[in-house]
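Structure file upload-v2.cif (mmCIF, C-alpha atoms) follows.
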data_entry
loop_
_atom_site.label_atom_id
_atom_site.label_comp_id
_atom_site.auth_asym_id
_atom_site.auth_seq_id
_atom_site.Cartn_x
_atom_site.Cartn_y
_atom_site.Cartn_z
CA MET A 119 102.01 44.90 120.57
CA THR A 120 104.64 44.67 117.83
CA ARG A 121 104.66 41.36 115.99
CA VAL A 122 107.88 40.27 114.33
CA VAL A 123 108.15 37.56 111.69
CA ALA A 124 111.39 35.65 111.09
CA THR A 125 111.66 32.97 108.41
CA GLY A 126 114.00 30.16 107.49
CA THR A 127 114.57 26.46 106.95
CA PHE A 128 116.15 25.76 110.37
CA ASP A 129 117.58 22.40 109.33
CA LEU A 130 120.11 21.08 111.92
CA LEU A 131 119.73 23.88 114.47
CA HIS A 132 122.90 25.76 115.45
CA PRO A 133 123.87 28.91 117.42
CA GLY A 134 123.63 31.02 114.23
CA HIS A 135 119.88 30.28 114.19
CA ILE A 136 119.61 31.20 117.89
CA TYR A 137 121.39 34.49 117.23
CA TYR A 138 119.14 35.32 114.26
CA LEU A 139 115.99 34.61 116.29
CA GLU A 140 117.21 36.45 119.39
CA GLU A 141 118.11 39.51 117.34
CA SER A 142 114.78 39.28 115.47
CA GLY A 143 112.86 39.22 118.74
CA LYS A 144 114.49 42.48 119.83
CA HIS A 145 112.54 44.29 117.09
CA GLY A 146 109.16 43.68 118.75
CA ASP A 147 107.17 42.01 121.52
CA GLU A 148 106.01 38.76 119.90
CA LEU A 149 108.18 36.61 117.66
CA TRP A 150 106.53 34.47 115.00
CA VAL A 151 108.66 32.13 112.91
CA ILE A 152 107.60 30.81 109.51
CA VAL A 153 109.46 27.56 108.90
CA ALA A 154 109.95 26.66 105.23
CA ARG A 155 108.14 23.58 103.92
CA ASP A 156 110.34 20.82 102.52
CA ALA A 157 108.81 21.35 99.06
CA ASN A 158 109.61 25.07 99.11
CA VAL A 159 113.35 24.68 99.70
CA LYS A 160 114.70 24.94 96.16
CA HIS A 161 117.74 27.19 96.40
CA LYS A 162 119.81 24.71 98.43
CA PRO A 163 119.84 20.92 99.10
CA ARG A 164 116.55 19.73 100.53
CA PRO A 165 116.43 19.67 104.34
CA VAL A 166 117.63 16.58 106.22
CA ILE A 167 115.04 17.04 108.98
CA PRO A 168 111.34 16.78 107.99
CA GLU A 169 109.35 20.04 108.10
CA GLU A 170 107.18 19.22 111.11
CA GLN A 171 110.26 18.27 113.15
CA ARG A 172 112.00 21.48 112.11
CA ARG A 173 108.93 23.47 113.19
CA CYS A 174 108.75 21.61 116.52
CA MET A 175 112.43 22.35 117.26
CA VAL A 176 112.00 26.07 116.53
CA ALA A 177 108.85 26.16 118.70
CA ALA A 178 110.89 24.74 121.61
CA LEU A 179 113.24 27.74 121.61
CA ARG A 180 112.84 30.19 124.47
CA MET A 181 112.70 33.35 122.33
CA VAL A 182 110.06 32.02 119.91
CA ASP A 183 106.39 32.69 120.68
CA HIS A 184 104.87 30.88 117.67
CA ALA A 185 106.36 28.67 114.96
CA VAL A 186 104.24 27.83 111.91
CA LEU A 187 104.95 26.07 108.62
CA GLY A 188 104.99 28.11 105.43
CA ASP A 189 102.42 27.79 102.67
CA PRO A 190 103.29 25.31 99.89
CA ILE A 191 102.11 27.75 97.18
CA ASP A 192 101.62 31.28 98.48
CA MET A 193 104.60 32.40 100.60
CA PHE A 194 102.70 35.54 101.67
CA ARG A 195 99.66 33.69 103.06
CA PRO A 196 101.06 33.20 106.62
CA VAL A 197 102.49 36.72 106.55
CA ARG A 198 99.02 38.13 105.77
CA GLU A 199 97.55 36.07 108.61
CA ILE A 200 100.14 37.19 111.16
CA ASN A 201 100.20 40.76 109.79
CA PRO A 202 103.53 41.68 111.42
CA GLU A 203 104.98 45.14 111.88
CA VAL A 204 108.52 43.83 111.21
CA ILE A 205 109.94 41.04 109.04
CA THR A 206 113.54 40.06 109.62
CA ILE A 207 115.79 38.30 107.14
CA GLY A 208 119.05 36.52 107.91
CA PHE A 209 122.41 37.69 106.64
CA ASN A 210 122.53 34.91 104.04
CA GLN A 211 118.86 34.72 103.05
CA HIS A 212 118.42 35.17 99.32
CA PHE A 213 115.71 37.87 99.43
CA ASP A 214 116.46 41.24 97.87
CA THR A 215 115.21 43.61 100.60
CA GLU A 216 113.84 46.23 98.18
CA VAL A 217 112.02 43.64 96.07
CA LEU A 218 110.54 42.12 99.24
CA VAL A 219 109.30 45.51 100.50
CA ARG A 220 107.64 46.09 97.08
CA GLN A 221 106.03 42.63 97.11
CA LEU A 222 104.71 43.23 100.64
CA ALA A 223 103.25 46.58 99.58
CA GLU A 224 101.49 44.86 96.65
CA GLN A 225 99.84 42.63 99.27
CA SER A 226 98.87 45.70 101.33
CA LEU A 227 101.38 44.63 103.98
CA GLY A 228 103.31 47.54 105.40
CA ALA A 229 105.88 45.56 107.40
CA ARG A 230 109.34 47.02 107.84
CA VAL A 231 112.08 44.67 106.61
CA VAL A 232 115.18 44.36 108.80
CA ARG A 233 118.25 42.39 107.81
CA ILE A 234 119.97 40.70 110.78
CA ASN A 235 123.75 40.62 110.65
CA LYS A 236 125.84 37.45 110.70
CA TYR A 237 126.37 35.59 113.98
CA PRO A 238 129.75 36.87 115.05
CA GLY A 239 131.26 33.70 116.52
CA GLY A 240 131.66 29.97 116.48
CA ALA A 241 132.70 27.13 114.21
CA LEU A 242 130.08 24.80 112.66
CA CYS A 243 127.38 27.51 112.79
CA SER A 244 125.83 26.40 109.51
CA SER A 245 123.68 23.39 108.64
CA ARG A 246 125.89 22.82 105.57
CA LEU A 247 129.09 22.83 107.67
CA ILE A 248 127.58 20.40 110.19
CA ALA A 249 126.70 18.00 107.34
CA SER A 250 130.21 18.42 105.87
CA GLU A 251 131.79 17.60 109.22
CA ILE A 252 129.72 14.41 109.48
CA LEU A 253 130.83 13.40 105.96
CA ARG A 254 134.48 14.28 106.68
CA ARG A 255 134.52 12.07 109.79
CA SER A 256 132.89 9.24 107.95
CA ASN A 257 135.56 9.34 105.21
CA LYS A 258 138.32 9.50 107.79
CA ASP A 259 136.94 6.86 110.11
CA PRO A 260 134.55 4.37 108.50
CA ASP A 261 133.61 2.93 111.91
CA THR A 262 132.15 6.22 113.13
CA MET B 171 111.73 24.53 145.20
CA THR B 172 112.46 21.15 143.63
CA ARG B 173 115.56 21.09 141.45
CA VAL B 174 115.76 18.50 138.71
CA VAL B 175 118.95 17.49 136.90
CA ALA B 176 118.90 15.98 133.41
CA THR B 177 122.08 14.94 131.63
CA GLY B 178 123.18 14.04 128.13
CA THR B 179 125.36 14.79 125.15
CA PHE B 180 122.71 16.66 123.12
CA ASP B 181 124.63 16.39 119.83
CA LEU B 182 122.41 17.35 116.83
CA LEU B 183 119.29 18.32 118.79
CA HIS B 184 116.06 16.52 117.88
CA PRO B 185 112.50 16.15 119.26
CA GLY B 186 113.57 13.16 121.37
CA HIS B 187 115.78 15.54 123.37
CA ILE B 188 112.92 18.02 123.72
CA TYR B 189 110.66 15.24 125.01
CA TYR B 190 113.26 14.02 127.52
CA LEU B 191 113.78 17.56 128.85
CA GLU B 192 110.07 18.40 128.96
CA GLU B 193 109.31 15.20 130.84
CA SER B 194 112.27 15.82 133.18
CA GLY B 195 111.00 19.32 133.98
CA LYS B 196 107.67 17.90 135.12
CA HIS B 197 109.42 16.30 138.11
CA GLY B 198 110.24 19.66 139.73
CA ASP B 199 110.28 23.44 139.50
CA GLU B 200 113.74 24.19 138.14
CA LEU B 201 115.45 22.18 135.41
CA TRP B 202 119.23 22.03 135.31
CA VAL B 203 120.94 20.22 132.44
CA ILE B 204 124.48 18.88 132.66
CA VAL B 205 125.85 18.65 129.12
CA ALA B 206 128.61 16.06 128.62
CA ARG B 207 132.09 17.35 127.79
CA ASP B 208 133.55 16.16 124.48
CA ALA B 209 136.32 14.33 126.36
CA ASN B 210 133.81 12.43 128.52
CA VAL B 211 131.83 10.90 125.62
CA LYS B 212 133.45 7.47 125.39
CA HIS B 213 130.55 5.06 124.94
CA LYS B 214 129.60 6.33 121.45
CA PRO B 215 131.28 8.28 118.61
CA ARG B 216 132.57 11.65 119.77
CA PRO B 217 130.08 14.50 119.30
CA VAL B 218 129.98 16.40 115.99
CA ILE B 219 129.09 19.68 117.71
CA PRO B 220 131.66 21.15 120.15
CA GLU B 221 130.71 21.08 123.84
CA GLU B 222 130.17 24.82 124.32
CA GLN B 223 127.84 24.93 121.29
CA ARG B 224 125.92 21.92 122.59
CA ARG B 225 125.53 23.67 125.95
CA CYS B 226 124.42 26.91 124.27
CA MET B 227 121.74 25.08 122.22
CA VAL B 228 120.34 23.34 125.32
CA ALA B 229 120.33 26.66 127.21
CA ALA B 230 118.19 28.18 124.41
CA LEU B 231 115.39 25.68 125.01
CA ARG B 232 112.28 27.02 126.69
CA MET B 233 111.98 24.31 129.35
CA VAL B 234 115.62 24.56 130.51
CA ASP B 235 116.48 26.92 133.36
CA HIS B 236 120.24 26.32 133.47
CA ALA B 237 122.61 24.37 131.22
CA VAL B 238 126.14 23.69 132.45
CA LEU B 239 129.03 21.58 131.14
CA GLY B 240 130.00 18.45 133.01
CA ASP B 241 133.27 18.02 134.87
CA PRO B 242 136.13 16.49 132.86
CA ILE B 243 137.16 14.23 135.78
CA ASP B 244 134.51 14.06 138.52
CA MET B 245 131.02 13.47 137.05
CA PHE B 246 129.44 14.09 140.45
CA ARG B 247 130.99 17.56 140.99
CA PRO B 248 128.21 19.54 139.20
CA VAL B 249 125.57 17.29 140.80
CA ARG B 250 126.97 18.13 144.27
CA GLU B 251 126.92 21.83 143.40
CA ILE B 252 123.33 21.79 142.11
CA ASN B 253 122.20 19.36 144.85
CA PRO B 254 119.00 18.29 143.05
CA GLU B 255 116.04 16.46 144.53
CA VAL B 256 115.56 14.49 141.27
CA ILE B 257 117.93 13.19 138.59
CA THR B 258 116.38 11.97 135.36
CA ILE B 259 117.97 9.59 132.90
CA GLY B 260 116.92 9.02 129.30
CA PHE B 261 115.52 5.73 128.05
CA ASN B 262 118.81 4.89 126.29
CA GLN B 263 121.30 6.30 128.79
CA HIS B 264 123.75 3.68 129.90
CA PHE B 265 123.46 4.20 133.67
CA ASP B 266 122.24 1.35 135.82
CA THR B 267 119.65 3.09 138.03
CA GLU B 268 120.45 1.09 141.17
CA VAL B 269 124.20 1.62 140.80
CA LEU B 270 123.64 5.33 140.27
CA VAL B 271 121.47 5.62 143.41
CA ARG B 272 124.23 3.86 145.40
CA GLN B 273 126.93 6.14 143.96
CA LEU B 274 124.82 9.20 144.82
CA ALA B 275 124.35 7.96 148.39
CA GLU B 276 128.13 7.50 148.70
CA GLN B 277 128.43 11.21 147.84
CA SER B 278 125.77 12.05 150.47
CA LEU B 279 123.38 12.96 147.63
CA GLY B 280 119.87 11.75 148.27
CA ALA B 281 118.42 12.52 144.84
CA ARG B 282 115.65 10.32 143.50
CA VAL B 283 116.49 8.79 140.10
CA VAL B 284 113.72 8.76 137.49
CA ARG B 285 114.03 7.06 134.10
CA ILE B 286 112.18 8.92 131.33
CA ASN B 287 110.51 6.73 128.73
CA LYS B 288 111.28 6.83 125.03
CA TYR B 289 109.86 9.63 122.88
CA PRO B 290 106.81 8.00 121.37
CA GLY B 291 106.89 9.49 117.88
CA GLY B 292 108.86 10.67 114.91
CA ALA B 293 111.50 9.53 112.45
CA LEU B 294 115.08 10.81 112.72
CA CYS B 295 114.76 11.37 116.47
CA SER B 296 118.32 10.31 117.17
CA SER B 297 121.64 12.08 116.54
CA ARG B 298 122.98 8.82 115.04
CA LEU B 299 120.04 8.53 112.62
CA ILE B 300 120.42 12.16 111.53
CA ALA B 301 124.12 11.54 110.76
CA SER B 302 123.21 8.30 108.90
CA GLU B 303 120.66 10.17 106.79
CA ILE B 304 123.27 12.78 105.83
CA LEU B 305 125.69 9.98 104.81
CA ARG B 306 122.97 8.10 102.90
CA ARG B 307 122.09 11.18 100.85
CA SER B 308 125.72 11.88 100.12
CA ASN B 309 126.23 8.34 98.78
CA LYS B 310 123.06 8.56 96.71
CA ASP B 311 123.61 12.06 95.41
CA PRO B 312 127.22 13.25 95.38
CA ASP B 313 126.14 16.81 94.50
CA THR B 314 124.19 17.26 97.72
#
Represent the structure contained in this file as structure tokens.
Amino acid sequence: MTRVVATGTFDLLHPGHIYYLEESGKHGDELWVIVARDANVKHKPRPVIPEEQRRCMVAALRMVDHAVLGDPIDMFRPVREINPEVITIGFNQHFDTEVLVRQLAEQSLGARVVRINKYPGGALCSSRLIASEILRRSNKDPDT
Amino acid sequence: MTRVVATGTFDLLHPGHIYYLEESGKHGDELWVIVARDANVKHKPRPVIPEEQRRCMVAALRMVDHAVLGDPIDMFRPVREINPEVITIGFNQHFDTEVLVRQLAEQSLGARVVRINKYPGGALCSSRLIASEILRRSNKDPDT
């Protein structure tokens, strides 16, 4: 059985997340998702939705077999435990694929790294854009 | 086979929605969800997420067998087409159960109406509270 690991913050779920996870699942038989801890999100504003709620929402998705929270200190700990054959990264995730492959090899993890392309369609397919839309409406219509 | 219909707006999905749908599914074998059209949401602020995206997110949930958009004019049209044995309503949905049963009978629909209780746990389990949290952060921290 081929285990695939996908990772992400998954704050304010949108069809771009669904696309990333569906495409990730096509690379194997069992899809594991490592959901970033609140404390580990440093490259963008901290998530609106608490980590356990984000994990619970990802776990409720049809194409996801297991959703686990990341490790607060060692990002490779859950990857070692799952020991996947494939790790997928989203089109906008900030990993450098070659650096990641080298880091995995240093951990004796031979997973193949696959970058998933951008979701081709749809407005508001970004947690940031959803938040911006909520702010825009609030400025336009203070009663909303 | 017992068909169950659940309904709602499902804007900014949260664990309260998951709970409502999971509990709804327990009342039968096949869960259909009728997702409200943007134009039909009149009793609260209009949804942030467009209707087709809201439907697509609900359809991606494990416990949902079919997710369809409501009818812009006749709210009973999709119910007649699905012809469910059970219709569930959420704890905060504005239907009066007795009125709904009478309206269904007038349409020759004999579905049993079941009210699902409130999700017992978790902060931010409401689309309105998620939007409020985004606004609160923006006021507190204009860089976010």
Please check the contacts: residues of chain B at most 10 Å away from chain A, using only C-alpha atoms, listed as a PyMOL selection string. chain B and resi 182-185+187-188+192+214-220+222-224+226-234+292-295+298+300-309+313-314
What lies within 7 Å of A:Glu148 using only C-alpha atoms, ignoring chain neighbours under 6 positions off, as a list in words?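 Listing them by chain and then by number gives Thr120, Arg121, Val122 and Asp183 of chain A.
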When distances are computed from only C-alpha atoms, which of B:His213, B:Glu193, B:Ile259, B:Glu221 shows the smallest separation from B:Ala176? B:Ile259
The distance between atom CA of B:Val175 and atom CA of A:His184 is 27.3 Å
For this structure, which residues satisfy the selection - the PyMOL selection byres ((chain A and resi 203) around 8) - when it is evaluated on the file as given? I want them as an MDAnalysis selection string. chainID A and resid 120:122 201:202 204:205 228:230
On this structure, the PyMOL selection byres ((chain B and resi 268-277) around 10) would catch which residues? List them as a list in words, sorted by chain and number.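 With the PyMOL selection byres ((chain B and resi 268-277) around 10) on this model, the match is Phe246, Arg247, Val249, Arg250, Ile257, Phe265, Asp266, Thr267, Ser278, Leu279, Gly280, Ala281, Arg282 and Val283 of chain B.
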Please report the interatomic distance between atom CA of B:Trp202 and atom CA of B:Val284 in Å with one decimal. 14.5 Å
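Coordinates place atom CA of B:Asp241 at a distance of 24.4 Å from atom CA of B:Ser296.
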Can you tell me, as number ranges by chain, what residues are no more than 9 Å from B:Phe261 when counting all atoms listed in the file, ignoring any on the same chain fewer than 2 positions away? B: 190, 259, 263-264, 285-289
Out of A:Gly134, A:Val186, A:Thr127, A:Ser142, which residue has the shortest atom-to-atom distance to A:Lys160 when counting all atoms listed in the file?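 Closest to A:Lys160, using all atoms listed in the file: A:Thr127.
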Of the candidates A:Met119, A:Ile191, A:Leu139, A:Ala185, which shows the shortest atom-to-atom distance to A:Ala157, using all atoms listed in the file? A:Ile191
